[in-house]
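Data block for data_1.tsv (TSV, C-alpha atoms):
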```
chain	number	residue	atom	x	y	z
A	1	MET	CA	9.10	186.83	117.59
A	2	ASP	CA	10.90	188.93	115.01
A	3	GLU	CA	13.63	186.29	114.81
A	4	PHE	CA	11.11	183.58	113.93
A	5	LYS	CA	9.50	185.76	111.27
A	6	ALA	CA	12.84	186.16	109.55
A	7	CYS	CA	13.42	182.37	109.36
A	8	ASN	CA	12.73	180.56	106.11
A	9	LEU	CA	13.74	177.33	104.42
A	10	ASP	CA	17.21	178.67	103.69
A	11	TYR	CA	18.09	178.17	107.35
A	12	PHE	CA	17.35	174.42	107.30
A	13	PRO	CA	20.19	171.95	106.73
A	14	GLU	CA	20.17	170.12	103.43
A	15	ASN	CA	19.61	166.73	105.06
A	16	ILE	CA	16.36	167.95	106.61
A	17	LEU	CA	15.23	169.50	103.33
A	18	ILE	CA	15.92	166.22	101.51
A	19	ASP	CA	13.84	164.37	104.10
A	20	VAL	CA	10.98	166.81	103.51
A	21	LEU	CA	11.26	166.50	99.74
A	22	SER	CA	11.18	162.69	99.99
A	23	TYR	CA	7.45	162.87	100.75
A	24	LEU	CA	6.70	164.47	97.38
A	25	SER	CA	5.70	162.57	94.28
A	26	VAL	CA	7.86	162.56	91.16
A	27	ARG	CA	5.74	165.19	89.49
A	28	GLU	CA	5.92	167.46	92.55
A	29	LEU	CA	9.68	166.92	92.79
A	30	VAL	CA	10.16	168.12	89.23
A	31	ARG	CA	8.11	171.22	89.98
A	32	ALA	CA	10.02	171.85	93.21
A	33	GLY	CA	13.28	171.87	91.24
A	34	ARG	CA	12.10	175.01	89.43
A	35	VAL	CA	11.85	177.12	92.61
A	36	CYS	CA	15.50	178.16	92.86
A	37	LYS	CA	19.02	176.95	92.12
A	38	ARG	CA	19.46	175.45	95.56
A	39	TRP	CA	16.25	173.43	95.30
A	40	LYS	CA	17.21	172.33	91.81
A	41	ARG	CA	20.45	170.94	93.19
A	42	LEU	CA	18.66	169.28	96.11
A	43	VAL	CA	16.05	167.66	93.90
A	44	LYS	CA	18.79	165.97	91.89
A	45	ASP	CA	20.14	164.26	95.01
A	46	GLN	CA	20.10	160.51	94.35
A	47	ARG	CA	18.61	159.78	97.76
A	48	LEU	CA	15.32	161.11	96.39
A	49	TRP	CA	15.42	158.78	93.37
A	50	ARG	CA	15.91	155.35	94.92
A	51	LEU	CA	12.25	154.39	94.54
A	52	VAL	CA	10.51	156.02	91.56
A	53	ASP	CA	6.78	155.37	91.18
A	54	LEU	CA	5.23	156.78	88.01
A	55	THR	CA	2.04	154.67	88.03
A	56	ALA	CA	-0.02	157.54	89.46
A	57	TRP	CA	1.22	159.91	86.72
A	58	LYS	CA	-1.14	158.97	83.90
A	59	GLY	CA	0.24	161.36	81.35
A	60	VAL	CA	3.75	159.94	81.21
A	61	THR	CA	5.08	159.70	77.67
A	62	SER	CA	8.41	158.71	76.16
A	63	ARG	CA	9.42	162.36	76.12
A	64	ILE	CA	8.92	162.62	79.90
A	65	LEU	CA	10.86	159.40	80.43
A	66	TRP	CA	13.81	160.79	78.50
A	67	LEU	CA	13.65	164.01	80.54
A	68	LEU	CA	13.68	162.13	83.85
A	69	LEU	CA	16.51	159.86	82.72
A	70	ARG	CA	18.75	162.69	81.54
A	71	GLN	CA	18.24	165.05	84.46
A	72	TYR	CA	17.28	163.04	87.55
A	73	LEU	CA	17.66	159.24	87.38
A	74	GLY	CA	21.10	157.89	88.16
A	75	CYS	CA	23.11	155.34	90.09
A	76	GLY	CA	20.85	155.69	93.13
A	77	LEU	CA	17.82	154.14	91.41
A	78	ARG	CA	16.83	150.78	92.91
A	79	CYS	CA	13.15	150.33	92.02
A	80	LEU	CA	11.18	151.73	89.07
A	81	ARG	CA	7.41	151.52	88.59
A	82	LEU	CA	5.93	152.59	85.24
A	83	ARG	CA	2.45	152.80	83.73
A	84	GLY	CA	2.23	152.17	79.98
A	85	LEU	CA	-0.11	153.50	77.33
A	86	LEU	CA	-1.96	150.25	76.59
A	87	LEU	CA	-5.27	151.60	77.93
A	88	SER	CA	-4.60	155.19	76.90
A	89	ALA	CA	-6.37	156.86	74.01
A	90	ARG	CA	-3.08	158.44	72.94
A	91	GLY	CA	-1.26	155.19	72.21
A	92	GLY	CA	2.22	155.41	70.78
A	93	ILE	CA	5.57	153.93	71.74
A	94	PHE	CA	6.24	153.91	75.47
A	95	LEU	CA	9.43	151.94	76.04
A	96	SER	CA	11.99	152.09	73.26
A	97	GLU	CA	15.18	150.10	72.84
A	98	SER	CA	17.31	153.23	73.00
A	99	TRP	CA	15.72	154.34	76.28
A	100	LEU	CA	16.20	150.92	77.86
A	101	LYS	CA	19.85	150.86	76.83
A	102	ALA	CA	20.34	154.32	78.31
A	103	LEU	CA	18.59	153.19	81.49
A	104	SER	CA	20.96	150.23	81.78
A	105	THR	CA	23.99	152.48	81.40
A	106	LYS	CA	22.93	155.30	83.72
A	107	CYS	CA	21.22	153.19	86.40
A	108	PRO	CA	23.50	150.17	86.98
A	109	ARG	CA	21.94	149.36	90.37
A	110	LEU	CA	18.33	149.05	89.25
A	111	SER	CA	17.06	145.75	90.71
A	112	LYS	CA	13.25	145.96	90.55
A	113	LEU	CA	11.06	146.90	87.59
A	114	TYR	CA	7.25	147.05	87.67
A	115	LEU	CA	5.30	147.62	84.45
A	116	LEU	CA	1.55	148.30	84.43
A	117	HIS	CA	-0.55	148.26	81.23
A	118	ALA	CA	2.51	148.35	79.02
A	119	ASP	CA	2.52	147.19	75.40
A	120	LEU	CA	5.80	145.32	75.06
A	121	ARG	CA	5.14	143.91	71.60
A	122	GLY	CA	7.56	146.45	70.13
A	123	LEU	CA	10.46	144.90	72.05
A	124	PRO	CA	12.00	141.76	70.53
A	125	SER	CA	13.23	140.30	73.82
A	126	CYS	CA	13.44	140.94	77.53
A	127	GLN	CA	17.22	140.93	77.19
A	128	LEU	CA	16.90	144.62	76.37
A	129	LEU	CA	15.93	145.23	79.99
A	130	PRO	CA	18.69	146.28	82.39
A	131	PRO	CA	20.96	143.30	83.19
A	132	SER	CA	21.02	144.31	86.87
A	133	LEU	CA	17.32	143.41	87.30
A	134	GLN	CA	16.56	140.84	89.97
A	135	MET	CA	12.76	141.22	90.00
A	136	LEU	CA	10.38	141.85	87.09
A	137	GLU	CA	6.65	142.33	87.61
A	138	LEU	CA	4.22	142.66	84.70
A	139	ARG	CA	0.58	143.50	85.25
A	140	GLY	CA	-1.95	143.84	82.45
A	141	CYS	CA	0.77	143.88	79.79
A	142	GLU	CA	0.91	142.55	76.23
A	143	LEU	CA	3.86	140.36	75.29
A	144	PRO	CA	5.36	139.18	72.00
A	145	ARG	CA	5.89	135.48	71.45
A	146	GLU	CA	9.67	135.53	71.80
A	147	PHE	CA	9.82	137.98	74.69
A	148	PHE	CA	11.33	135.60	77.28
A	149	ASN	CA	13.69	133.83	74.91
A	150	GLN	CA	17.36	134.01	75.77
A	151	THR	CA	19.22	134.38	72.51
A	152	PRO	CA	22.79	133.11	72.19
A	153	THR	CA	25.46	135.71	72.81
A	154	SER	CA	28.07	134.25	70.47
A	155	PRO	CA	28.11	132.24	67.22
A	156	ALA	CA	29.94	129.37	68.94
A	157	GLU	CA	27.19	129.11	71.51
A	158	ALA	CA	24.54	129.15	68.80
A	159	THR	CA	26.18	126.36	66.76
A	160	SER	CA	26.97	124.10	69.69
A	161	SER	CA	23.86	123.76	71.81
A	162	VAL	CA	25.16	120.58	73.44
A	163	GLY	CA	28.31	122.32	74.58
A	164	ALA	CA	26.28	125.23	75.88
A	165	GLN	CA	24.06	122.92	77.91
A	166	GLN	CA	27.10	121.15	79.35
A	167	GLN	CA	28.67	124.46	80.28
A	168	ARG	CA	25.42	125.56	81.89
A	169	ARG	CA	25.24	122.38	83.97
A	170	ASP	CA	28.83	122.84	85.09
A	171	GLN	CA	28.05	126.38	86.20
A	172	LYS	CA	24.98	125.17	88.09
A	173	GLY	CA	27.07	122.57	89.86
A	174	LYS	CA	29.52	125.24	90.95
A	175	GLY	CA	26.70	127.59	92.03
A	176	LEU	CA	27.48	130.12	89.32
A	177	GLY	CA	25.15	131.78	86.87
A	178	SER	CA	25.79	132.83	83.34
A	179	PRO	CA	27.27	136.35	83.39
A	180	SER	CA	25.79	137.18	79.99
A	181	GLY	CA	22.38	135.57	80.60
A	182	ILE	CA	19.20	136.89	82.18
A	183	GLY	CA	19.77	137.49	85.89
A	184	ILE	CA	16.13	137.88	87.00
A	185	GLU	CA	15.46	135.85	90.14
A	186	ARG	CA	11.77	136.68	90.67
A	187	LEU	CA	9.14	136.97	87.93
A	188	VAL	CA	5.57	138.10	88.68
A	189	LEU	CA	2.86	137.91	86.01
A	190	ASN	CA	-0.49	139.36	87.04
A	191	ASN	CA	-3.39	139.36	84.57
A	192	VAL	CA	-1.21	138.91	81.49
A	193	PRO	CA	-3.56	137.18	79.02
A	194	SER	CA	-0.90	136.83	76.31
A	195	PHE	CA	1.32	134.65	78.53
A	196	THR	CA	1.14	131.09	77.16
A	197	ASP	CA	2.86	127.73	77.51
A	198	GLN	CA	5.43	128.89	74.95
A	199	HIS	CA	6.50	131.74	77.22
A	200	LEU	CA	6.64	129.34	80.16
A	201	GLN	CA	8.88	127.00	78.21
A	202	SER	CA	11.22	129.90	77.42
A	203	LEU	CA	11.77	130.46	81.14
A	204	THR	CA	13.65	127.15	81.39
A	205	SER	CA	16.69	128.91	79.92
A	206	TRP	CA	16.76	131.38	82.82
A	207	GLU	CA	19.42	130.08	85.17
A	208	ARG	CA	18.70	132.28	88.17
A	209	LEU	CA	14.91	132.20	88.31
A	210	SER	CA	13.93	131.01	91.80
A	211	ARG	CA	10.45	132.57	92.27
A	212	LEU	CA	7.63	132.45	89.73
A	213	GLU	CA	4.18	133.93	90.42
A	214	LEU	CA	1.39	133.31	87.91
A	215	ARG	CA	-1.83	135.17	88.73
A	216	ASP	CA	-4.74	135.12	86.30
A	217	THR	CA	-2.61	133.70	83.48
A	218	PHE	CA	-5.50	131.91	81.81
A	219	ARG	CA	-3.62	130.41	78.89
A	220	VAL	CA	-1.17	128.36	80.92
A	221	THR	CA	-2.25	124.72	80.80
A	222	ALA	CA	-1.44	121.65	82.86
A	223	ASN	CA	0.63	120.19	80.02
A	224	GLY	CA	2.66	123.38	79.77
A	225	LEU	CA	3.38	123.37	83.50
A	226	ARG	CA	4.19	119.67	83.45
A	227	SER	CA	6.71	120.08	80.63
A	228	CYS	CA	8.56	122.80	82.55
A	229	ALA	CA	8.67	121.01	85.89
A	230	ALA	CA	12.10	120.15	87.22
A	231	LYS	CA	12.70	116.44	86.71
A	232	ASP	CA	15.52	114.00	86.13
A	233	GLY	CA	16.48	113.75	82.47
A	234	VAL	CA	19.12	112.15	80.33
A	235	CYS	CA	21.57	115.02	80.89
A	236	GLY	CA	20.69	115.67	84.54
A	237	VAL	CA	17.94	117.81	86.00
A	238	GLU	CA	15.82	119.48	83.30
A	239	GLY	CA	13.22	122.23	83.36
A	240	LEU	CA	12.95	125.01	85.94
A	241	CYS	CA	15.45	123.29	88.21
A	242	ARG	CA	16.33	126.37	90.29
A	243	LEU	CA	12.72	127.25	91.10
A	244	LYS	CA	12.02	127.25	94.85
A	245	PHE	CA	8.72	129.18	94.98
A	246	LEU	CA	5.72	128.79	92.67
A	247	GLU	CA	2.39	130.60	92.85
A	248	ILE	CA	-0.64	129.76	90.71
A	249	GLY	CA	-3.93	131.56	91.14
A	250	ILE	CA	-7.09	132.23	89.13
A	251	THR	CA	-9.49	134.70	90.74
A	252	GLY	CA	-11.08	136.64	87.85
A	253	ARG	CA	-13.11	136.18	84.67
A	254	GLN	CA	-16.22	134.35	85.68
A	255	GLY	CA	-17.25	131.77	83.12
A	256	TYR	CA	-13.82	131.60	81.48
A	257	GLN	CA	-12.82	128.08	80.45
A	258	LEU	CA	-10.49	126.92	83.18
A	259	GLN	CA	-7.26	125.21	82.21
A	260	MET	CA	-6.54	124.00	85.77
A	261	ALA	CA	-2.82	124.45	85.28
A	262	SER	CA	-2.07	123.24	88.81
A	263	LEU	CA	-2.88	119.69	87.66
A	264	GLY	CA	0.55	119.81	86.00
A	265	LEU	CA	2.07	119.44	89.47
A	266	GLY	CA	0.93	115.83	89.51
A	267	ALA	CA	4.12	114.71	87.78
A	268	GLY	CA	6.22	116.08	90.66
A	269	TRP	CA	8.69	118.95	90.84
A	270	LEU	CA	12.22	118.49	92.13
A	271	GLY	CA	13.46	121.16	94.50
A	272	LEU	CA	10.15	123.06	94.81
A	273	GLU	CA	9.93	124.08	98.48
A	274	GLU	CA	7.13	126.69	98.55
A	275	LEU	CA	3.76	126.51	96.78
A	276	SER	CA	1.00	129.11	96.77
A	277	LEU	CA	-2.43	128.26	95.36
A	278	GLY	CA	-5.25	130.75	94.96
A	279	GLY	CA	-8.82	130.92	93.73
A	280	LYS	CA	-9.93	128.20	91.35
A	281	GLU	CA	-6.52	126.51	91.32
A	282	VAL	CA	-6.70	125.45	94.97
A	283	GLY	CA	-8.86	122.36	94.44
A	284	PRO	CA	-6.81	120.71	91.66
A	285	GLY	CA	-3.58	121.89	93.24
A	286	LEU	CA	-4.32	120.15	96.54
A	287	LEU	CA	-4.88	116.91	94.67
A	288	CYS	CA	-1.34	117.06	93.24
A	289	ALA	CA	0.53	118.63	96.15
A	290	SER	CA	1.33	115.21	97.60
A	291	ARG	CA	3.64	114.55	94.62
A	292	LEU	CA	5.92	117.41	95.65
A	293	LYS	CA	8.47	115.60	97.80
A	294	ASP	CA	10.49	118.72	98.72
A	295	LEU	CA	7.49	120.89	99.65
A	296	LYS	CA	7.91	122.69	102.98
A	297	CYS	CA	5.53	125.67	102.81
A	298	LEU	CA	1.99	125.75	101.43
A	299	CYS	CA	-0.21	128.84	101.15
A	300	LEU	CA	-3.91	128.73	100.20
A	301	TRP	CA	-5.63	132.03	99.46
A	302	ALA	CA	-8.89	133.51	98.14
A	303	CYS	CA	-10.87	130.26	98.12
A	304	THR	CA	-13.59	128.30	99.90
A	305	LEU	CA	-12.58	125.07	101.64
A	306	SER	CA	-14.07	122.48	103.95
A	307	GLU	CA	-12.34	120.95	106.91
A	308	MET	CA	-12.58	117.45	105.46
A	309	GLN	CA	-11.00	118.58	102.18
A	310	ILE	CA	-8.02	120.07	103.99
A	311	VAL	CA	-7.51	117.09	106.31
A	312	ARG	CA	-7.57	114.57	103.49
A	313	SER	CA	-5.11	116.59	101.41
A	314	CYS	CA	-2.67	117.13	104.28
A	315	ARG	CA	-2.36	113.45	105.11
A	316	MET	CA	0.23	113.05	102.38
A	317	LEU	CA	2.10	116.25	103.24
A	318	ARG	CA	4.02	115.06	106.28
A	319	GLY	CA	7.04	117.19	105.41
A	320	LEU	CA	5.23	120.55	105.65
A	321	ARG	CA	6.74	123.13	107.96
A	322	GLN	CA	4.24	125.96	107.38
A	323	LEU	CA	0.60	125.97	106.24
A	324	GLU	CA	-0.98	129.38	105.67
A	325	PHE	CA	-4.60	130.28	104.99
A	326	LEU	CA	-5.14	133.76	103.55
A	327	ASP	CA	-8.62	135.16	102.83
A	328	VAL	CA	-10.09	131.66	103.03
A	329	ILE	CA	-13.79	131.01	103.66
A	330	PHE	CA	-14.31	127.80	105.62
A	331	GLN	CA	-17.46	125.81	105.15
A	332	PRO	CA	-19.13	124.73	108.39
A	333	ARG	CA	-19.34	121.08	109.29
A	334	GLN	CA	-22.37	119.32	107.93
A	335	CYS	CA	-23.86	116.53	109.99
A	336	PRO	CA	-26.10	114.48	107.70
A	337	PRO	CA	-29.29	113.20	109.33
A	338	VAL	CA	-29.12	109.59	110.47
A	339	VAL	CA	-31.53	107.48	108.49
A	340	GLU	CA	-33.08	104.60	110.36
A	341	GLY	CA	-31.57	101.32	109.26
A	342	GLU	CA	-28.27	102.85	108.06
A	343	GLY	CA	-26.76	103.00	111.54
A	344	GLY	CA	-23.08	102.25	111.18
A	345	GLY	CA	-22.57	101.25	107.55
A	346	GLY	CA	-22.07	103.01	104.22
A	347	GLY	CA	-19.86	105.96	103.43
A	348	GLY	CA	-20.60	107.68	106.72
A	349	GLY	CA	-18.29	105.27	108.49
A	350	ALA	CA	-15.36	106.34	106.31
A	351	GLU	CA	-15.93	110.00	107.13
A	352	GLU	CA	-16.15	109.23	110.84
A	353	GLN	CA	-12.91	107.31	110.56
A	354	ASP	CA	-11.26	110.31	108.87
A	355	HIS	CA	-12.34	112.57	111.72
A	356	GLU	CA	-11.22	110.15	114.40
A	357	GLU	CA	-7.81	109.66	112.79
A	358	ALA	CA	-7.31	113.39	112.26
A	359	GLU	CA	-8.34	114.26	115.81
A	360	GLY	CA	-6.06	111.51	117.13
A	361	GLY	CA	-8.58	110.27	119.64
A	362	ASP	CA	-8.75	113.64	121.36
A	363	ASN	CA	-12.23	113.65	122.87
A	364	SER	CA	-13.09	117.13	124.10
A	365	ASN	CA	-15.97	118.11	126.27
A	366	ASP	CA	-19.41	118.79	124.88
A	367	GLU	CA	-18.97	122.57	125.02
A	368	ASN	CA	-15.95	122.51	122.69
A	369	LYS	CA	-17.76	120.21	120.29
A	370	THR	CA	-20.67	122.61	120.13
A	371	LEU	CA	-18.35	125.49	119.31
A	372	ASP	CA	-16.63	123.48	116.60
A	373	MET	CA	-19.94	122.90	114.87
A	374	ASN	CA	-20.23	126.65	114.30
A	375	ASP	CA	-16.56	127.44	113.83
A	376	PRO	CA	-14.42	124.78	112.08
A	377	ILE	CA	-11.15	126.62	112.65
A	378	PRO	CA	-10.48	125.32	116.22
A	379	SER	CA	-11.34	121.80	115.12
A	380	LEU	CA	-9.11	122.18	112.07
A	381	ARG	CA	-6.23	123.34	114.24
A	382	ARG	CA	-6.48	120.22	116.41
A	383	SER	CA	-6.78	117.91	113.42
A	384	LEU	CA	-3.76	119.41	111.66
A	385	ALA	CA	-1.76	119.42	114.90
A	386	VAL	CA	-2.06	115.64	114.94
A	387	LEU	CA	-1.41	115.11	111.24
A	388	LEU	CA	1.39	117.70	110.98
A	389	PRO	CA	2.95	118.06	114.44
A	390	SER	CA	5.97	120.06	113.19
A	391	CYS	CA	3.96	122.40	110.95
A	392	ALA	CA	3.17	126.03	111.85
A	393	LEU	CA	-0.41	127.13	111.07
A	394	VAL	CA	-1.18	130.70	110.03
A	395	PHE	CA	-4.72	132.05	109.60
A	396	THR	CA	-5.02	135.54	108.10
A	397	ASN	CA	-8.35	137.26	107.41
A	398	CYS	CA	-10.27	133.98	107.35
A	399	SER	CA	-13.99	133.58	107.93
A	400	VAL	CA	-16.68	130.94	108.25
A	401	GLN	CA	-19.48	130.61	105.74
A	402	ILE	CA	-22.89	130.94	107.30
A	403	SER	CA	-25.52	128.72	105.74
A	404	ALA	CA	-29.03	129.96	105.14
A	405	ASP	CA	-30.47	127.09	107.18
```
Before anything else, please render the file you have as structure tokens.
Amino acid sequence: MDEFKACNLDYFPENILIDVLSYLSVRELVRAGRVCKRWKRLVKDQRLWRLVDLTAWKGVTSRILWLLLRQYLGCGLRCLRLRGLLLSARGGIFLSESWLKALSTKCPRLSKLYLLHADLRGLPSCQLLPPSLQMLELRGCELPREFFNQTPTSPAEATSSVGAQQQRRDQKGKGLGSPSGIGIERLVLNNVPSFTDQHLQSLTSWERLSRLELRDTFRVTANGLRSCAAKDGVCGVEGLCRLKFLEIGITGRQGYQLQMASLGLGAGWLGLEELSLGGKEVGPGLLCASRLKDLKCLCLWACTLSEMQIVRSCRMLRGLRQLEFLDVIFQPRQCPPVVEGEGGGGGGGAEEQDHEEAEGGDNSNDENKTLDMNDPIPSLRRSLAVLLPSCALVFTNCSVQISAD
């Protein structure tokens, strides 16, 4: 027993101590570095600074950011999450140009940057961000008008826009991106009210952008989305031609005037393979999804849908390989009462024809039909299995709306 009493942390190998320290937050790591010289050296190990999350540290200022960058952050940093001062009573400058330049120099492997409630109006352009970034996520941030613009890097490029476009097309044909351009491949905008059609148009100059997620971006209109869609032009494919994944969703701000940006998909989008629609954009988006000839995956989330609405929309989506429903509330089937004298005519016949075509003549027993009246999901599975035989169906956290009757 005396041997165990004499043991302390000095007897543990450094690898074990680093594993223990990895469970601490950034603020606790900084405090742990003040214990002794050995702990100070261990805390500076880059294995502890691969993923840095400062969103829970509400009192982070520019002075603290400089301290972390000079003493702890280095080549091991891969992902950085920051909370700005947009909702803070202190205010002040949070991200400066000098700090971003120092971050680019000292952390050359930084690939993911997440900014929460940050006021970016003091930055002229996103080109000040580290060039190694592959993913940028902005949530509740304020943006300047020219933030996403890609400025020319040389006078020759600025004076000869035609030559620059030709060079860009040649690089696209060879599968190469511009070494001096913006290298972000995934852009996530969540509740960014200052994001407009002008910002969306600026993204057409990004040559590596393949995933774009727009959540609660209320100022994006259908015309703005239509003008940025990849389409055949005079000089080849124009617009967001490298985009493979697009997400549009409106879930907040009750009573806000809806722009229904997903209607901009009605003009088609070359090369778009994955589409995610959420909230109030699901209805108009389903109407235009049939114009997307290259669409392979469709995700519908946070909405209320009926079986008939889904079946009618999926008739024109024969090329789908995956259809996912996430947090969807399904409306139960409604059987209208048969009025005497209206036996087999009128609009009811069209709806019956839709059901018969979707079900492919699969007549189940009476017990299954009774269950389908209460739960439309099994019936929907059978209908979609006939319409889309090569499509995988995924239901996650879905429910059925219970009527008061």
> Restricting the calculation to only C-alpha atoms, which member of A:Val43, A:Gly224, A:His117, A:Asp232 is positioned closest to A:Lys58?
Replying inline: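 That would be A:His117, the residue with the smallest distance to A:Lys58.
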>> Excluding stretch 113-115 of chain A and its own-chain neighbours fewer than 2 positions away, which residues fall within 10 Å of it when counting all atoms listed in the file? Please give them as JSON, numbers by chain.
In response: {"A": [52, 53, 54, 55, 78, 79, 80, 81, 82, 83, 84, 110, 111, 117, 118, 119, 120, 129, 130, 133, 134, 135, 136, 137, 138, 139, 140, 141, 188]}
>> Residues within 9 Å of A:Glu146, please, as a list in words. Count all atoms listed in the file; anything in the same chain fewer than 2 positions from it doesn't count.
In response: Pro124, Ser125, Cys126, Leu143, Pro144, Phe148, Asn149, Gln150, Gln198, His199 and Ser202 of chain A
If you keep C-alpha atoms, can you produce a file of those selected residues as a short mmCIF file (atom, residue, chain, number, x, y, z; two decimals), keeping the file's coordinate frame?
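Contents of the output file again02.cif:
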```cif
data_model
loop_
_atom_site.label_atom_id
_atom_site.label_comp_id
_atom_site.auth_asym_id
_atom_site.auth_seq_id
_atom_site.Cartn_x
_atom_site.Cartn_y
_atom_site.Cartn_z
CA PRO A 124 12.00 141.76 70.53
CA SER A 125 13.23 140.30 73.82
CA CYS A 126 13.44 140.94 77.53
CA LEU A 143 3.86 140.36 75.29
CA PRO A 144 5.36 139.18 72.00
CA PHE A 148 11.33 135.60 77.28
CA ASN A 149 13.69 133.83 74.91
CA GLN A 150 17.36 134.01 75.77
CA GLN A 198 5.43 128.89 74.95
CA HIS A 199 6.50 131.74 77.22
CA SER A 202 11.22 129.90 77.42
#
```
> At most 7 Å from (9.1, 158.0, 75.3), file frame, all atoms listed in the file: which residues, as number ranges by chain?
Replying inline: A: 61-66, 93-96
> Of the residues A:Val26, A:Met308, A:Ala102, A:Leu295, which is the one nearest to A:Ser383, using all atoms listed in the file?
Replying inline: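 Between A:Val26, A:Met308, A:Ala102, A:Leu295, the residue approaching A:Ser383 most closely is A:Met308.
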> atom CA of A:Cys297 to atom CA of A:Leu380: how many Å, to one decimal?
Replying inline: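 Pair atom CA of A:Cys297 / atom CA of A:Leu380 returns 17.7 Å.
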>> Using all atoms listed in the file, can you tell me which of A:Gly278, A:Cys288, A:Val20, A:Arg242 comes closest to A:Leu326?
In response: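 Of the candidates, the smallest distance to A:Leu326 is held by A:Gly278.
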> Which of these residues is nearest to A:Gln401, using all atoms listed in the file: A:Leu214, A:Val386, A:Cys235, A:Ile377?
Replying inline: A:Ile377
> Closest to A:Leu246 among A:Leu200, A:Leu277, A:Arg291, A:Gly233, using all atoms listed in the file?
Replying inline: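 So, comparing all the options, the nearest one is A:Leu277.
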